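Participant: One file is attached below, structure.cif, containing mmCIF, C-alpha atoms.
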```
data_target
loop_
_atom_site.group_PDB
_atom_site.id
_atom_site.type_symbol
_atom_site.label_atom_id
_atom_site.label_comp_id
_atom_site.auth_asym_id
_atom_site.auth_seq_id
_atom_site.Cartn_x
_atom_site.Cartn_y
_atom_site.Cartn_z
ATOM 1 C CA MET A 237 2.463 -40.552 -12.780
ATOM 2 C CA ALA A 238 5.023 -38.529 -10.918
ATOM 3 C CA ALA A 239 8.236 -40.091 -12.133
ATOM 4 C CA SER A 240 11.531 -38.311 -12.390
ATOM 5 C CA VAL A 241 14.249 -39.469 -14.735
ATOM 6 C CA SER A 242 17.692 -39.871 -13.205
ATOM 7 C CA VAL A 243 20.582 -39.389 -15.593
ATOM 8 C CA PHE A 244 24.090 -39.990 -14.288
ATOM 9 C CA LEU A 245 27.160 -39.207 -16.375
ATOM 10 C CA CYS A 246 29.533 -42.077 -15.908
ATOM 11 C CA PHE A 247 32.851 -40.418 -16.772
ATOM 12 C CA PHE A 248 34.987 -43.513 -16.426
ATOM 13 C CA LEU A 249 32.869 -45.521 -18.844
ATOM 14 C CA GLY A 250 31.825 -42.687 -21.097
ATOM 15 C CA LEU A 251 28.216 -43.892 -20.863
ATOM 16 C CA VAL A 252 24.896 -42.492 -19.739
ATOM 17 C CA LEU A 253 23.048 -44.459 -17.063
ATOM 18 C CA VAL A 254 19.307 -44.100 -17.351
ATOM 19 C CA GLY A 255 16.414 -45.228 -15.181
ATOM 20 C CA SER A 256 12.835 -44.249 -14.521
ATOM 21 C CA VAL A 257 12.996 -43.514 -10.811
ATOM 22 C CA SER A 258 9.893 -43.148 -8.692
ATOM 23 C CA SER A 259 9.721 -42.919 -4.926
ATOM 24 C CA ALA A 260 6.399 -41.409 -4.101
ATOM 25 C CA LYS A 261 3.133 -41.494 -2.238
ATOM 26 C CA PHE A 262 0.806 -44.379 -2.873
ATOM 27 C CA ASP A 263 -1.634 -42.534 -5.132
ATOM 28 C CA GLN A 264 1.126 -41.291 -7.437
ATOM 29 C CA LEU A 265 2.196 -44.831 -8.370
ATOM 30 C CA PHE A 266 -0.757 -47.060 -7.477
ATOM 31 C CA GLN A 267 -4.528 -47.227 -7.395
ATOM 32 C CA PRO A 268 -7.059 -49.437 -5.583
ATOM 33 C CA SER A 269 -8.079 -52.397 -7.713
ATOM 34 C CA TRP A 270 -10.826 -53.788 -5.490
ATOM 35 C CA ALA A 271 -12.640 -53.103 -2.200
ATOM 36 C CA ASN A 272 -11.941 -49.367 -2.009
ATOM 37 C CA ASP A 273 -13.835 -49.232 1.277
ATOM 38 C CA HIS A 274 -11.172 -51.506 2.817
ATOM 39 C CA PHE A 275 -8.399 -48.922 2.325
ATOM 40 C CA VAL A 276 -7.398 -46.848 5.368
ATOM 41 C CA TYR A 277 -5.119 -43.841 4.820
ATOM 42 C CA GLU A 278 -3.122 -42.525 7.776
ATOM 43 C CA GLY A 279 -0.713 -39.836 6.564
ATOM 44 C CA GLU A 280 2.126 -41.599 4.704
ATOM 45 C CA LEU A 281 0.774 -45.011 5.694
ATOM 46 C CA LEU A 282 -1.721 -47.180 3.837
ATOM 47 C CA LYS A 283 -3.584 -50.000 5.553
ATOM 48 C CA LEU A 284 -5.375 -52.788 3.701
ATOM 49 C CA LYS A 285 -8.191 -54.318 5.724
ATOM 50 C CA LEU A 286 -9.408 -57.908 5.735
ATOM 51 C CA ASP A 287 -12.678 -58.733 7.452
ATOM 52 C CA HIS A 288 -15.355 -61.374 7.095
ATOM 53 C CA TYR A 289 -16.775 -59.534 4.081
ATOM 54 C CA SER A 290 -13.733 -58.804 1.953
ATOM 55 C CA GLY A 291 -10.029 -58.308 1.560
ATOM 56 C CA ALA A 292 -8.504 -55.571 -0.617
ATOM 57 C CA GLY A 293 -5.910 -55.016 -3.300
ATOM 58 C CA PHE A 294 -4.101 -52.376 -5.340
ATOM 59 C CA SER A 295 -2.192 -52.206 -8.617
ATOM 60 C CA SER A 296 0.347 -49.919 -10.264
ATOM 61 C CA LYS A 297 -0.859 -47.331 -12.750
ATOM 62 C CA SER A 298 1.859 -48.354 -15.218
ATOM 63 C CA ARG A 299 3.622 -51.472 -16.472
ATOM 64 C CA TYR A 300 7.378 -51.992 -16.286
ATOM 65 C CA MET A 301 10.209 -53.945 -17.870
ATOM 66 C CA PHE A 302 13.363 -54.555 -15.816
ATOM 67 C CA GLY A 303 14.487 -52.635 -12.751
ATOM 68 C CA LYS A 304 13.524 -52.801 -9.092
ATOM 69 C CA VAL A 305 10.266 -52.377 -7.187
ATOM 70 C CA THR A 306 10.130 -52.066 -3.409
ATOM 71 C CA VAL A 307 7.503 -51.614 -0.746
ATOM 72 C CA GLN A 308 7.814 -51.535 3.031
ATOM 73 C CA ILE A 309 5.212 -53.626 4.830
ATOM 74 C CA LYS A 310 4.269 -54.278 8.444
ATOM 75 C CA LEU A 311 2.309 -57.513 8.397
ATOM 76 C CA VAL A 312 -0.828 -58.523 10.298
ATOM 77 C CA GLU A 313 -0.162 -58.635 14.034
ATOM 78 C CA GLY A 314 -1.227 -61.292 16.515
ATOM 79 C CA ASP A 315 -3.236 -64.288 15.370
ATOM 80 C CA SER A 316 -2.965 -63.961 11.596
ATOM 81 C CA ALA A 317 -3.699 -67.611 10.784
ATOM 82 C CA GLY A 318 -5.514 -68.073 7.489
ATOM 83 C CA THR A 319 -4.591 -64.661 6.110
ATOM 84 C CA VAL A 320 -2.333 -64.029 3.135
ATOM 85 C CA THR A 321 -0.706 -60.733 2.203
ATOM 86 C CA ALA A 322 0.803 -60.703 -1.279
ATOM 87 C CA PHE A 323 3.219 -58.413 -3.099
ATOM 88 C CA TYR A 324 3.960 -59.344 -6.685
ATOM 89 C CA MET A 325 4.583 -58.414 -10.300
ATOM 90 C CA SER A 326 2.550 -59.917 -13.112
ATOM 91 C CA SER A 327 1.866 -59.537 -16.808
ATOM 92 C CA ASP A 328 -1.517 -60.237 -18.385
ATOM 93 C CA GLY A 329 -3.029 -63.224 -20.138
ATOM 94 C CA PRO A 330 -2.945 -67.020 -19.786
ATOM 95 C CA ASN A 331 0.755 -67.178 -20.703
ATOM 96 C CA HIS A 332 1.683 -64.531 -18.188
ATOM 97 C CA ASN A 333 4.878 -64.083 -16.203
ATOM 98 C CA GLU A 334 4.699 -63.482 -12.462
ATOM 99 C CA PHE A 335 7.007 -62.995 -9.455
ATOM 100 C CA ASP A 336 5.269 -63.558 -6.094
ATOM 101 C CA PHE A 337 5.860 -62.756 -2.459
ATOM 102 C CA GLU A 338 3.094 -64.318 -0.338
ATOM 103 C CA PHE A 339 3.182 -63.811 3.416
ATOM 104 C CA LEU A 340 1.350 -66.665 5.125
ATOM 105 C CA GLY A 341 -0.152 -65.804 8.496
ATOM 106 C CA ASN A 342 0.144 -68.008 11.557
ATOM 107 C CA THR A 343 -1.126 -68.435 15.088
ATOM 108 C CA THR A 344 0.209 -66.047 17.719
ATOM 109 C CA GLY A 345 3.840 -66.781 18.558
ATOM 110 C CA GLU A 346 4.501 -68.907 15.485
ATOM 111 C CA PRO A 347 6.732 -67.521 12.715
ATOM 112 C CA TYR A 348 5.417 -65.889 9.590
ATOM 113 C CA THR A 349 6.249 -67.833 6.435
ATOM 114 C CA ILE A 350 7.203 -66.208 3.137
ATOM 115 C CA GLN A 351 6.262 -68.166 0.053
ATOM 116 C CA THR A 352 7.847 -67.120 -3.234
ATOM 117 C CA ASN A 353 6.778 -68.346 -6.647
ATOM 118 C CA ILE A 354 7.689 -67.683 -10.266
ATOM 119 C CA TYR A 355 5.496 -68.108 -13.335
ATOM 120 C CA VAL A 356 7.013 -68.123 -16.804
ATOM 121 C CA ASN A 357 4.706 -68.295 -19.824
ATOM 122 C CA GLY A 358 1.817 -69.273 -17.552
ATOM 123 C CA VAL A 359 3.670 -72.112 -15.798
ATOM 124 C CA GLY A 360 4.119 -71.803 -12.035
ATOM 125 C CA ASN A 361 4.236 -74.356 -9.197
ATOM 126 C CA ARG A 362 7.752 -73.204 -8.346
ATOM 127 C CA GLU A 363 7.227 -72.445 -4.664
ATOM 128 C CA GLN A 364 9.867 -71.921 -2.021
ATOM 129 C CA ARG A 365 9.081 -71.166 1.617
ATOM 130 C CA LEU A 366 11.154 -69.742 4.432
ATOM 131 C CA ASN A 367 10.637 -68.462 7.943
ATOM 132 C CA LEU A 368 11.823 -64.928 8.525
ATOM 133 C CA TRP A 369 14.675 -64.137 10.933
ATOM 134 C CA PHE A 370 12.716 -61.265 12.485
ATOM 135 C CA ASP A 371 9.154 -60.481 13.514
ATOM 136 C CA PRO A 372 7.637 -58.780 10.431
ATOM 137 C CA THR A 373 4.638 -57.513 12.431
ATOM 138 C CA LYS A 374 6.567 -55.181 14.749
ATOM 139 C CA GLU A 375 8.406 -52.905 12.315
ATOM 140 C CA PHE A 376 8.391 -52.073 8.634
ATOM 141 C CA HIS A 377 10.676 -54.157 6.438
ATOM 142 C CA SER A 378 11.410 -53.721 2.746
ATOM 143 C CA TYR A 379 10.480 -56.356 0.179
ATOM 144 C CA SER A 380 11.911 -55.958 -3.322
ATOM 145 C CA LEU A 381 11.870 -57.584 -6.731
ATOM 146 C CA PHE A 382 14.842 -56.919 -8.999
ATOM 147 C CA TRP A 383 14.658 -58.000 -12.626
ATOM 148 C CA ASN A 384 17.017 -57.767 -15.565
ATOM 149 C CA GLN A 385 17.861 -59.996 -18.515
ATOM 150 C CA ARG A 386 20.278 -62.049 -16.413
ATOM 151 C CA HIS A 387 18.148 -62.980 -13.386
ATOM 152 C CA VAL A 388 15.224 -62.278 -11.070
ATOM 153 C CA LEU A 389 16.017 -61.523 -7.424
ATOM 154 C CA PHE A 390 13.721 -61.605 -4.395
ATOM 155 C CA LEU A 391 15.088 -59.441 -1.580
ATOM 156 C CA VAL A 392 14.133 -58.820 2.038
ATOM 157 C CA ASP A 393 15.784 -55.701 3.464
ATOM 158 C CA ASP A 394 18.117 -56.013 0.447
ATOM 159 C CA THR A 395 19.159 -59.522 1.499
ATOM 160 C CA PRO A 396 18.619 -61.954 -1.398
ATOM 161 C CA ILE A 397 16.331 -64.847 -0.487
ATOM 162 C CA ARG A 398 15.861 -66.269 -3.980
ATOM 163 C CA VAL A 399 17.485 -65.922 -7.375
ATOM 164 C CA GLN A 400 16.212 -67.234 -10.693
ATOM 165 C CA PRO A 401 18.952 -66.973 -13.335
ATOM 166 C CA ASN A 402 18.441 -66.820 -17.057
ATOM 167 C CA MET A 403 19.096 -70.364 -18.305
ATOM 168 C CA GLU A 404 17.818 -69.991 -21.844
ATOM 169 C CA ASN A 405 21.057 -71.586 -23.013
ATOM 170 C CA LYS A 406 19.748 -74.757 -21.319
ATOM 171 C CA GLY A 407 16.393 -74.490 -23.085
ATOM 172 C CA ILE A 408 14.615 -73.070 -20.016
ATOM 173 C CA PRO A 409 12.270 -70.112 -20.660
ATOM 174 C CA PHE A 410 13.056 -66.819 -18.943
ATOM 175 C CA PRO A 411 10.631 -63.889 -18.426
ATOM 176 C CA LYS A 412 12.019 -61.123 -20.604
ATOM 177 C CA ASP A 413 9.372 -60.117 -23.142
ATOM 178 C CA GLN A 414 6.247 -59.148 -21.171
ATOM 179 C CA PRO A 415 5.901 -55.856 -19.257
ATOM 180 C CA MET A 416 4.494 -56.342 -15.780
ATOM 181 C CA GLY A 417 2.308 -54.464 -13.345
ATOM 182 C CA VAL A 418 2.976 -54.263 -9.607
ATOM 183 C CA TYR A 419 0.303 -55.512 -7.209
ATOM 184 C CA SER A 420 -0.458 -56.165 -3.561
ATOM 185 C CA SER A 421 -3.449 -57.576 -1.710
ATOM 186 C CA ILE A 422 -4.706 -59.180 1.469
ATOM 187 C CA TRP A 423 -7.267 -61.968 1.527
ATOM 188 C CA ASN A 424 -8.541 -65.008 3.399
ATOM 189 C CA ALA A 425 -6.898 -68.270 2.315
ATOM 190 C CA ASP A 426 -7.546 -70.503 5.306
ATOM 191 C CA ASP A 427 -8.120 -73.497 3.057
ATOM 192 C CA TRP A 428 -4.319 -73.735 2.546
ATOM 193 C CA ALA A 429 -2.301 -70.853 4.012
ATOM 194 C CA THR A 430 -1.600 -71.947 7.595
ATOM 195 C CA GLN A 431 -0.272 -75.428 8.309
ATOM 196 C CA GLY A 432 -1.760 -76.733 5.105
ATOM 197 C CA GLY A 433 -5.217 -75.409 5.935
ATOM 198 C CA ARG A 434 -5.485 -77.162 9.298
ATOM 199 C CA VAL A 435 -5.652 -73.826 11.140
ATOM 200 C CA LYS A 436 -8.534 -71.595 10.079
ATOM 201 C CA THR A 437 -9.010 -67.837 10.289
ATOM 202 C CA ASP A 438 -10.322 -66.747 13.685
ATOM 203 C CA TRP A 439 -12.712 -63.991 12.700
ATOM 204 C CA SER A 440 -13.068 -62.881 16.315
ATOM 205 C CA HIS A 441 -9.693 -61.141 15.769
ATOM 206 C CA ALA A 442 -10.874 -59.282 12.673
ATOM 207 C CA PRO A 443 -10.372 -56.840 11.124
ATOM 208 C CA PHE A 444 -6.825 -57.723 10.069
ATOM 209 C CA PHE A 445 -4.532 -55.011 8.683
ATOM 210 C CA ALA A 446 -1.408 -55.040 6.528
ATOM 211 C CA THR A 447 0.299 -51.634 6.656
ATOM 212 C CA TYR A 448 2.365 -50.134 3.816
ATOM 213 C CA THR A 449 4.793 -47.282 3.274
ATOM 214 C CA GLY A 450 7.931 -46.550 1.234
ATOM 215 C CA PHE A 451 6.605 -47.168 -2.278
ATOM 216 C CA GLU A 452 9.508 -47.200 -4.753
ATOM 217 C CA ILE A 453 9.724 -48.117 -8.433
ATOM 218 C CA ASP A 454 13.061 -47.734 -10.204
ATOM 219 C CA ALA A 455 12.272 -49.410 -13.510
ATOM 220 C CA CYS A 456 11.568 -48.885 -17.201
ATOM 221 C CA GLU A 457 8.002 -47.678 -17.652
ATOM 222 C CA VAL A 458 6.220 -49.183 -20.668
ATOM 223 C CA PRO A 459 3.280 -47.398 -22.326
ATOM 224 C CA ALA A 460 0.202 -49.558 -22.805
ATOM 225 C CA SER A 461 0.471 -49.155 -26.569
ATOM 226 C CA VAL A 462 3.947 -50.750 -26.766
ATOM 227 C CA ALA A 463 4.164 -54.483 -27.478
ATOM 228 C CA GLY A 464 6.160 -56.762 -25.205
ATOM 229 C CA THR A 465 8.978 -57.535 -27.615
ATOM 230 C CA GLU A 466 9.374 -53.857 -28.435
ATOM 231 C CA SER A 467 9.356 -52.884 -24.764
ATOM 232 C CA ALA A 468 12.148 -55.373 -24.042
ATOM 233 C CA LYS A 469 14.224 -53.685 -26.748
ATOM 234 C CA ASN A 470 13.374 -50.188 -25.517
ATOM 235 C CA CYS A 471 14.259 -51.095 -21.926
ATOM 236 C CA SER A 472 17.611 -52.684 -22.708
ATOM 237 C CA SER A 473 20.951 -50.930 -23.004
ATOM 238 C CA SER A 474 22.328 -50.114 -26.438
ATOM 239 C CA GLY A 475 25.039 -47.802 -27.682
ATOM 240 C CA VAL A 476 25.504 -44.863 -25.342
ATOM 241 C CA LYS A 477 22.168 -45.522 -23.638
ATOM 242 C CA ARG A 478 22.868 -47.573 -20.526
ATOM 243 C CA TYR A 479 20.232 -48.611 -18.011
ATOM 244 C CA TRP A 480 21.490 -49.090 -14.494
ATOM 245 C CA TRP A 481 20.027 -52.621 -14.226
ATOM 246 C CA ASP A 482 22.230 -53.742 -17.133
ATOM 247 C CA GLU A 483 25.483 -52.803 -15.434
ATOM 248 C CA PRO A 484 27.971 -55.740 -15.288
ATOM 249 C CA THR A 485 28.076 -55.624 -11.479
ATOM 250 C CA LEU A 486 24.354 -56.553 -11.452
ATOM 251 C CA ALA A 487 24.665 -59.505 -13.816
ATOM 252 C CA GLU A 488 25.130 -61.902 -10.894
ATOM 253 C CA LEU A 489 25.277 -61.897 -7.118
ATOM 254 C CA ASN A 490 28.441 -60.523 -5.580
ATOM 255 C CA VAL A 491 30.353 -62.563 -2.999
ATOM 256 C CA HIS A 492 28.563 -60.976 -0.031
ATOM 257 C CA GLN A 493 25.124 -61.553 -1.566
ATOM 258 C CA SER A 494 26.010 -65.168 -2.358
ATOM 259 C CA HIS A 495 26.950 -65.725 1.277
ATOM 260 C CA GLN A 496 23.716 -64.075 2.403
ATOM 261 C CA LEU A 497 21.647 -66.317 0.135
ATOM 262 C CA LYS A 498 23.419 -69.453 1.362
ATOM 263 C CA TRP A 499 22.772 -68.378 4.966
ATOM 264 C CA VAL A 500 19.068 -67.818 4.280
ATOM 265 C CA ARG A 501 18.703 -71.178 2.573
ATOM 266 C CA ALA A 502 20.630 -73.056 5.268
ATOM 267 C CA ARG A 503 18.997 -71.432 8.293
ATOM 268 C CA HIS A 504 15.519 -70.387 7.227
ATOM 269 C CA MET A 505 14.240 -72.337 4.225
ATOM 270 C CA VAL A 506 11.491 -74.810 5.118
ATOM 271 C CA TYR A 507 10.322 -75.897 1.652
ATOM 272 C CA ASP A 508 11.822 -76.031 -1.843
ATOM 273 C CA TYR A 509 9.898 -77.443 -4.781
ATOM 274 C CA CYS A 510 13.174 -78.721 -6.218
ATOM 275 C CA THR A 511 13.413 -81.323 -3.438
ATOM 276 C CA ASP A 512 9.707 -82.274 -3.355
ATOM 277 C CA THR A 513 9.829 -85.697 -5.000
ATOM 278 C CA ALA A 514 6.152 -86.337 -4.198
ATOM 279 C CA ARG A 515 5.095 -83.456 -6.435
ATOM 280 C CA PHE A 516 7.972 -83.819 -8.885
ATOM 281 C CA PRO A 517 9.168 -87.429 -9.230
ATOM 282 C CA VAL A 518 11.395 -86.124 -12.005
ATOM 283 C CA MET A 519 13.339 -83.091 -10.841
ATOM 284 C CA PRO A 520 12.329 -79.926 -12.755
ATOM 285 C CA VAL A 521 14.967 -79.176 -15.315
ATOM 286 C CA GLU A 522 15.875 -75.763 -13.893
ATOM 287 C CA CYS A 523 16.643 -77.423 -10.555
ATOM 288 C CA VAL A 524 19.121 -79.766 -12.236
ATOM 289 C CA HIS A 525 21.114 -76.825 -13.546
ATOM 290 C CA HIS A 526 20.660 -74.409 -10.665
ATOM 291 C CA ARG A 527 20.218 -75.134 -6.939
ATOM 292 C CA HIS A 528 19.505 -71.617 -5.648
#
```
Show this structure as structure tokens.

Facilitator:
Amino acid sequence: MAASVSVFLCFFLGLVLVGSVSSAKFDQLFQPSWANDHFVYEGELLKLKLDHYSGAGFSSKSRYMFGKVTVQIKLVEGDSAGTVTAFYMSSDGPNHNEFDFEFLGNTTGEPYTIQTNIYVNGVGNREQRLNLWFDPTKEFHSYSLFWNQRHVLFLVDDTPIRVQPNMENKGIPFPKDQPMGVYSSIWNADDWATQGGRVKTDWSHAPFFATYTGFEIDACEVPASVAGTESAKNCSSSGVKRYWWDEPTLAELNVHQSHQLKWVRARHMVYDYCTDTARFPVMPVECVHHRH
């Protein structure tokens, strides 16, 4: 994989900041994982096609621990009801960790909904949904996942829309010992995606395309032979080795980011599992301690 290593001498701290930085073409970082014939390459752009026969998906060539992954996406235009485009990180196995962006299509003129979810040790059902404050089908927008030992951030154009802090001191598991791949896909999910499955995919509008560019991974690459616990150690700062994602300024949201997150939640959030008493008569413990 074409990955350059950025080393910055931090004279004021006397430390070395290290990160595995990759900003490259699709085939340098990723590979098709299914339905190769539903990939359309147009210069720097990649289109994933969904038709009545199949969707498509891709995965990273490497696994990562901590850092930031970003892709720019222009979502399915027009009547996208029933379609789902996903961008996510995931480890392997039944006790996997996972951070999900799922973009739920809608009928023409209705807003796209972003659903985020987090799995820790195989346990998910932690969905939040929000309507975007722009039309994600007209221009490219960046979607990012940032991950360190303090928290997981979901970002849209670098605006935080969700934060999951490390609350291990409250007995709540946190994903910090399993390296994760990076994935994206498009598929038909009209049994649940749009208005609870009431609106089905209109195949007369097919094929549907999600378009990608701007693939960036600035994270700690983990060889397949390295175990999860060892990779967590290797990808954490120690002594004079300092990874940029461990810097104190990234341990929590700054004031501006906190205001942005509050604005998103107040103006655009339409569902939060923490307040769904039908599904969770007893509030999940992480919601008791943290309301972001």

Participant: On this structure, which residues satisfy the PyMOL selection byres ((chain A and resi 516-528) around 7), written as a VMD selection string?

Facilitator: chain A and resid 398 to 399 408 510 512 to 515

Participant: For Arg365 of chain A, work out the shell of residues within 10 Å, counting only C-alpha atoms and skipping chain neighbours fewer than 2 positions away, then give it as a list in words.

Facilitator: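 Once the adjacent positions are removed, what remains is Phe337, Glu338, Phe339, Leu340, Thr349, Ile350, Gln351, Thr352, Asn353, Glu363, Asn367, Leu368, Ile397, Arg501, His504, Met505, Val506, Tyr507, Asp508 and Tyr509 of chain A.
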
Participant: Using the chain letters and numbering of this document, enumerate as a count of residues only the residues selected by the PyMOL selection byres ((chain A and resi 449-455) around 10).

Facilitator: 53

Participant: Given the file shown, enumerate the residues that the PyMOL selection byres ((chain A and resi 292) around 7) captures and present them as a list in words.

Facilitator: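 Expected selection for the PyMOL selection byres ((chain A and resi 292) around 7) here is Trp270, Ala271, His274, Leu284, Lys285, Leu286, Ser290, Gly291, Gly293, Ser421, Ile422 and Trp423 of chain A.
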
Participant: Let's have the selection written as a compact mmCIF listing (two decimals), keeping the file's coordinate frame, with C-alpha atoms.

Facilitator:
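Listed below is the output, part_23.txt:
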```txt
# COMPACT_ATOMS: atom_id res chain seq x y z
CA TRP A 270 -10.83 -53.79 -5.49
CA ALA A 271 -12.64 -53.10 -2.20
CA HIS A 274 -11.17 -51.51 2.82
CA LEU A 284 -5.38 -52.79 3.70
CA LYS A 285 -8.19 -54.32 5.72
CA LEU A 286 -9.41 -57.91 5.74
CA SER A 290 -13.73 -58.80 1.95
CA GLY A 291 -10.03 -58.31 1.56
CA GLY A 293 -5.91 -55.02 -3.30
CA SER A 421 -3.45 -57.58 -1.71
CA ILE A 422 -4.71 -59.18 1.47
CA TRP A 423 -7.27 -61.97 1.53
```

Participant: Go ahead and fit an axis-aligned box to every listed atom of segment 306-324 of chain A plus 4 Å each side, and pass me the centre and edge lengths in Å, one decimal, as JSON.

Facilitator:
```
{"center_x": 2.3, "center_y": -59.8, "center_z": 4.9, "size_x": 23.6, "size_y": 24.5, "size_z": 31.2}
```

Participant: Excluding Gly432 of chain A and residues on its chain fewer than 6 positions from it, collect all residues at most 12 Å away from it, counting all atoms listed in the file, and give them as an MDAnalysis selection string.

Facilitator: chainID A and resid 317:318 340:342 425:426

Participant: Taking only C-alpha atoms into account, which of A:Ile354, A:Leu391, A:Val312, A:Val276 comes nearest Gln496 of chain A?

Facilitator: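 The answer is A:Leu391, which sits nearest to Gln496 of chain A.
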
Participant: Between atom CA of Ala322 of chain A and atom CA of Ser420 of chain A, what is the distance in Å, rounded to a tenth?

Facilitator: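 A separation of 5.2 Å between them.
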
Participant: For each of A:Thr430, A:Gln400, A:Thr395, A:Thr343, take the minimum atom-to-atom distance to Arg362 of chain A, counting only C-alpha atoms, then give the residue where this is smallest.

Facilitator: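 Result for the nearest residue to Arg362 of chain A: A:Gln400.
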
Participant: Expressed in Å to a single decimal, how great is the separation between atom CA of Val388 of chain A and atom CA of Glu466 of chain A?

Facilitator: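 Separating atom CA of Val388 of chain A from atom CA of Glu466 of chain A is a distance of 20.2 Å.
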
Participant: Quick one: distance from atom CA of Gln493 of chain A to atom CA of Pro396 of chain A in Å, one decimal?

Facilitator: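 Atom CA of Gln493 of chain A sits 6.5 Å away from atom CA of Pro396 of chain A.
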
Participant: Please report, as a tab-separated table, each residue of segment 366-467 of chain A lying at most 12 Å from segment 329-334 of chain A, together with the nearest pair of atoms and the separation in Å rounded to one decimal; use only C-alpha atoms, and order rows by chain and ascending residue number.

Facilitator:
```
residue	atom	partner	partner_atom	distance
A:Leu381	CA	A:Glu334	CA	10.9
A:Trp383	CA	A:Glu334	CA	11.4
A:Val388	CA	A:Glu334	CA	10.7
A:Pro409	CA	A:Asn333	CA	10.5
A:Phe410	CA	A:Asn333	CA	9.0
A:Pro411	CA	A:Asn333	CA	6.2
A:Lys412	CA	A:Asn333	CA	8.9
A:Asp413	CA	A:Asn333	CA	9.2
A:Gln414	CA	A:Asn333	CA	7.1
A:Pro415	CA	A:Asn333	CA	8.8
A:Met416	CA	A:Asn333	CA	7.8
A:Gly417	CA	A:Glu334	CA	9.4
A:Val418	CA	A:Glu334	CA	9.8
A:Tyr419	CA	A:Glu334	CA	10.5
A:Gly464	CA	A:His332	CA	11.4
```

Participant: Go through A:Pro484, A:Val500, A:Asp328, A:Phe445 and flag the residue nearest Ala460 of chain A, using all atoms listed in the file for the distances.

Facilitator: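 Looking only at the distances to Ala460 of chain A, the closest residue turns out to be A:Asp328.
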
Participant: How would segment 391-410 of chain A look written as a CSV table (one decimal), in the first residue's frame with C-alpha atoms?

Facilitator:
```csv
chain,number,residue,atom,x,y,z
A,391,LEU,CA,-17.8,13.8,11.7
A,392,VAL,CA,-19.5,15.3,8.7
A,393,ASP,CA,-17.4,17.9,6.9
A,394,ASP,CA,-15.4,17.9,10.2
A,395,THR,CA,-18.4,18.8,12.2
A,396,PRO,CA,-18.9,16.3,15.0
A,397,ILE,CA,-22.3,14.6,14.9
A,398,ARG,CA,-21.7,11.9,17.5
A,399,VAL,CA,-19.1,11.2,20.2
A,400,GLN,CA,-18.7,8.0,22.2
A,401,PRO,CA,-16.3,8.6,25.1
A,402,ASN,CA,-14.3,6.0,26.9
A,403,MET,CA,-16.2,5.2,30.1
A,404,GLU,CA,-14.3,2.1,31.2
A,405,ASN,CA,-14.1,3.7,34.6
A,406,LYS,CA,-17.9,3.3,34.8
A,407,GLY,CA,-17.6,-0.4,33.8
A,408,ILE,CA,-18.6,0.3,30.2
A,409,PRO,CA,-16.6,-1.5,27.5
A,410,PHE,CA,-14.7,0.6,25.0
```
